[in-house]
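For reference, the structure discussed in these notes is given below.
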Amino acid sequence: MTRIGPARLTFRGLRVVPGVSALLAVLVLVGAFLAVGAPRQTIEILTTSLHQDLAGSAGQLALNAELTNDSVSGPDAGQNGIAPVWSHLGSRLATIRHRLSALGDIVEPGEFAGSAAGFTGKGFSGSGTPTTLTGIGLMLTLEAAPSLHDDARLVAGRWPRRVVAGDPIEVVISATSAATLGWKIGQTQELSDEFGAEGMAVSLVGTVAPRDPAGAFWGLGYDRAQTRTVTNPVTGSITYFSTIWVDPDSWPTLAPTLAGRTISAWYGIDLDAVTADQATTIAAEVRQFSANPASLGVPGADQELTFRSGLPAALVGFTARSGTSTALIALFALGPAGALAAVLLLGLRLLQSRRSRAEALMRARGASGWQLRVLAAAEVAVWTVPAAVLGAVVAIALTPAGRSLAPGIVAVVLCALIAPVAAAVLTERADEHTEPSVVARSAGLVIEAAVVLVAALALVVLIARGPVTASSGVDPLVELAPLLLSIAVTVIVVRLMPFATRWLGAVQRGGRSAISLIAASSPSSVRRGGAWALFAVMIGVGLSVFSLTMVATQQHGVAQAALSQVGSDVAVSGDLTPQTVRQLDKLPGVAAHATIETIGQASLPHLDVVMYTVDPAELASVQSGIDASPLRVVHGAEAMVTNAGDPPANAQLDAAGQGELHFHRVDPVAVSFVLSAPRWILVDRSRLGDANVFPTPVGVLLRLHPGADPAAIAAAATKLAGPDATVRTAASAEAAIVGTPLDRAVHATILIATSLAAALCLIVFVLTLAAGATARLRRGAILRAMGFDRRQAALLVLTDVAPTAIVGVVVGSATGVGLAALVLHTIEPTELVGAPVPVALVVDVPTTAIALAGFVVAVLLAVAVAVIVDVARPPTAGLQTLGEER
Amino acid sequence: MTTTTAQRNVIDCADLVRIYRGDGVEVQALQGLTLRVAEGDIVAMVGASGSGKSTLLGILSGLDRPSAGRATVAGFDLTALSSGRRLEYRRNAVGFVWQQTERNLLPYLTARENVELPMLFAGRAEREKRAGELLRLLEVDAHADRRPGQLSGGEQQRVAIAVALANGPQVLLADEPTGELDEAMSAEVLEAIRAVNEQLGVTALIVTHDPAVSEHVHRTVQIRDGRTSTEVHRDTDRTGAETFTVIDSVGRLQLPTDYVHRLGIRELVRLTLEDDHVRVQPGEARGSEKKK
């Protein structure tokens with residue numbers, strides 16, 4: 001004997017429409033996977049980019065403070081002043097670190113070191129070391145670091161012992177430096193400071209190596225890990241700089257005898273623990289910490305410790321640079337999110353329509369609205385909750401560990417509950433079999449009007465606002481505008497469709513075809529969900545065209561930016577001879593060249609500039625591939641371009657001596673690197689006339705034949721121009737802009753998002769066909785009873801959906817291009833293509849046409865499936881359904 | 001059971017109007033219908049397709065609301081039911097049986113579970129016991145653990161009657177309960193309704209276009225053009241029958257169609273007021289006769 005209860009009723013109810021329920025589960029699974037996985041993966045990609053940005057900058061990023069108190073660093077500081085600080089500093093740093101507890105393990109334990117720089121030595125003879133040669137100097141920094149044992153490992157020898165008066169001071173040095181300097185363990189040398197104080201004997205007792213070469217300890221001292229060489233530009237002499245370490249406990253007694261001593265304290269940053277999602281928080285915390293100095297807390301030697309770090313600036317800079325990529329990822333991800341929501345809603349409507357008979361029965365048997373809603377929600381939840389959890393688990397398993405799970409939990413809860421809640425709401429709408437009130441009938445119209453109004457406002461605001469930087473993060477208005485505008489356009493088109501259908505119907509009735517006559521006369525129920533189908537096609541096509549257009553635009557913009565930064569396909573910069581220039585021009589594959597020459601310096605008001613000249617015709621020939629090169633203004637009346645200050649519109653140049661010349665100022669980022677001077681002007685060579693100038697080639701821009709290999713020509717150019725010349729290609733510059741992990745992520749997002757959106761929209765289309773199946777079946781049954789054959793029935797279905805598909809593809813395409821133009825209008829070109837070049841909207845016609853053809857084929861396939869299913873069912877099945885409408 | 005004036009009316013409808021609006025077209029499904037059914041009575045309502053039978057049943061079941069008029073069932077004023085009262089009405093005051101099985105029984109529940117379902121929604125205890133009693137009363141207890149698809153049409157309808165009676169309603173509304181059954185099964189179902197009417201005292205209103213139903217009930221009401229027209233009352237032993245017509249509050253009445261046809265009545269009839277009745281004769285006005 002069984003007993004019915006809520007749980008049994010719920011599970012029995014699952015048998016009603018397992019197919020649609022399973023579809024909902026798959027949608028929720030995909031949604032949860034994306035909602036949980038996409039942000040985690042995005043953060044991971046951003047973090048990887050951030051780590052690439054921060055790599056090698058541990059020293060600059062550490063929180064570093066110098067002790068400037070006279071009792072520690074002053075000329076009269078003695079042991080009594082230094083010793084208390086030295087013994088107290090470690091514990092004090094640990095206490096101060098608590099103020100950074102919000103950052104967790106990102107901030108490493110505090111360290112400190114005493115140092116005295118400027119000791120010179122003679123080096124070692126007999127070992128062949130360079131420091132004994134003429135013109136070679138050695139400059140050592142003497143340091144004491146209590147944490148040296150933690151930061152370095154002993155390679156050879158031993159650690160230094162306490163300094164004993166009269167004995168040589170025992171020191172260690174990095175093994176790399178020891179090898180560079182030729183200093184062997186056991187060797188002693190006399191050092192003297194830069195003030196010429198008496199000699200100090202230091203004996204090398206060991207060599208060390210960094211435990212973590214990227215750690216803050218080694219980054220804070222340029223010559224700690226290895227010896228640094230500096231060449232005097234005047235004398236040509238070379239000085240070797242290196243650091244040696246003494247026993248740290250000896251510093252209080254040794255330091256007073258050393259000139260130029262100081263104590264520094266720092267907190268290293270564990271860069272691996274810094275994640276992109278925390279960048280803004282970390283920057284704010286560190287800034288706040290830096291803005292509030294801590295007290296040293298040593299009586300008599302107290303001072304404020306102000307820790308400074310390059311970390312906030314680096315993080316803010318990264319956030320600004322990555323802002324556009326993040327915004328684009330979010331923008332493209334929103335498309336499938338909208339499509340997913342549409343499919344989910346339509347699936348729920350289909351489920352609700354399939355459950356409606358059972359619901360009506362239960363309502364008649366005394367089920368309250370709440371009971372029905374809870375039951376509907378429970379039946380959906382049985383599918384969607386496990387699906388959401390599974391999707392989240394898979395996402396977490398496939399994306400990197402270590403990220404916070406909190407956002408994922410929120411996402412999975414939302415994914416799990418959105419479908420049951422929607423199911424409950426849809427059930428509520430069908431609670432009464434009474435006619436909808438005027439308010440209820442008007443509600444839909446009011447919502448549609450509100451959507452159109454909000455979309456129009458968003459459009460106006462975005463156009464009026466113009467481009468903004470994405471450094472402040474994702475702009476909700478920019479992110480939501482495409483979806484909002486797509487929905488608004490759909491609403492308008494759906495409202496206009498009846499007029500078009502009526503007109504089409506009038507045309508069709510005029511025709512002789514039975515199909516066109518019946519299609520025009522068919523009730524709207526056979527096109528049930530037509531608005532949804534239209535929405536699906538428009539959103540799918542719109543997002544695809546939008547994505548393809550954005551990609552084409554960005555690719556074109558990046559190519560333009562690369563061409564502008566290089567100057568042409570290939571550019572050679574250096575001291576070139578006229579013969580080299582001729583040889584470069586004759587390289588196979590070179591179509592044209594333009595020589596950039598310098599004629600020395602000239603004076604603008606309050607500004608000295610380097611003058612370059614070029615033949616405008618040559619320049620035009622090599623820059624013909626650049627849409628709007630700023631250098632092309634050398635044509636015509638504007639004879640000069642410059643990146644220098646704000647010169648008067650008409651200035652007279654001494655060097656040119658050709659009367660008044662017009663200036664056009666350009667952004668230095670967008671012109672060829674060959675124009676390398678900090679301040680320059682580029683003059684039309686013909687304007688120099690007979691001026692007494694002697695042009696010297698400093699660079700050549702090469703335009704290549706189509707199909708020529710830029711890398712091969714760059715290699716040949718390097719060979720001709722010599723090792724000191726710089727050769728760059730536009731292709732390599734383009735690769736540098738687009739080859740970042742973030743850029744790859746953006747393109748991957750576009751590909752996945754577009755494919756997903758298109759697939760989801762096709763599912764919507766199929767679902768709408770399924771929703772109208774019963775009505776089609778009834779009509780088909782009557783028509784087949786009257787003599788319609790299967791071919792005519794199939795053509796009739798095609799005629800039903802053709803207006804929707806055609807309007808969807810045409811309006812969707814136009815909407816996609818329009819949205820791309822709008823988004824382009826809202827993004828700074830520099831953030832999109834890496835340089836301040838004008839970015840034109842580019843529609844990739846062939847690719848777009850292929851994508852649209854794919855859509856049309858998919859729609860036709862969906863229709864074909866619907867036709868096959870319809871035709872396969874016997875006419876009697878349709879006739880049986882006729883009695884259902886009472 | 002026969003209707004007596006002492007018995008109160010469980011169903012009391014007066015001047016009911018129901019107008020449907022859609023696509024700019026108005027359809028007046030009920031045009032001032034009046035119907036009274038006494039407690040414990042069993043009544044059949046017959047009429048052609050489109051006469052307003054199902055509309056009336058929709059209103060009586062609480063699933064639809066009248067556009068005008070008065071409708072009271074088991075003390076519930078159906079024109080002014082709050083959402084909560086409407087639910088209480090559906091749960092406890094009336095039970096329904098429809099023509100199609102899928103409107104009566106959930107296909108994924110067994111017969112017993114279907115009977116328990118209304119009690120589950122109403123939060124009643126001892127559901128199994130009550131379900132067992134009803135299934136036994138309707139002689140389908142042997143099939144209690146079968147699903148509707150495993151039952152014959154007659155068995156399905158008897159289970160449906162059990163479901164309708166689960167919460168002990170005062171009124172049983174049946175919409176074409178025998179529409180999909182053969183003659184033998186129809187008789188079984190109608191007898192089952194009559195049995196519960198007699199044994200449980202449930203007032204039953206059966207809407208049908210099946211003339212055979214009249215033989216199983218005390219009173220048959222004809223509905224035409226959205227109004228009740230004539231009534232046939234049968235004796236308790238169902239051997240004799242007497243035909244009545246309904247007269248509304250302003251004195252309008254409809255003559256049975258076969259009377260009209262048989263007597264060749266057109267446009268006008270001659271009325272003669274006798275001491276205790278009104279005589280209705282075919283005839284034409286004197287003016288008309290003169291013209292001829």
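Please note that chains go A, B, ... in the order of the structure tokens, that every chain numbers its residues from 1, and that ligands are numbered from 1 in the order shown.
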Enumerate as a ChimeraX atom specification the residues belonging to chain B that approach chain A to within 6 Å, with only C-alpha atoms taken into account. /B:63-64,90-91,103,108,113,118,121
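For Ala160 of chain B, the non-local neighbours within 8 Å, defined as residues at least 4 positions apart in the same chain or in other chains and counting only C-alpha atoms, are Val97, Thr101, Asn104, Leu105, Val115, Gln156 and Ala164 of chain B.
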Env of segment 253-269 of chain B: 10 Å cut, atoms = only C-alpha atoms, seq-sep filter 2 positions within chain, self excluded. Answer as a PyMOL selection string. chain B and resi 222+224+227-231+243-251+271-272+279-285
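Reported to one decimal place, the separation of atom CA of Thr549 of chain A from atom CA of Ile492 of chain A is 23.6 Å.
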Need the shell around Val46 of chain B: protein/DNA/RNA residues with any atom at most 7 Å away, counting only C-alpha atoms. Skip same-chain ones fewer than 4 positions apart. Format as an MDAnalysis selection string? chainID B and resid 207:209 221:223
Gap from atom CA of Asp615 of chain A to atom CA of Gln565 of chain A - Å, one decimal: 19.0 Å
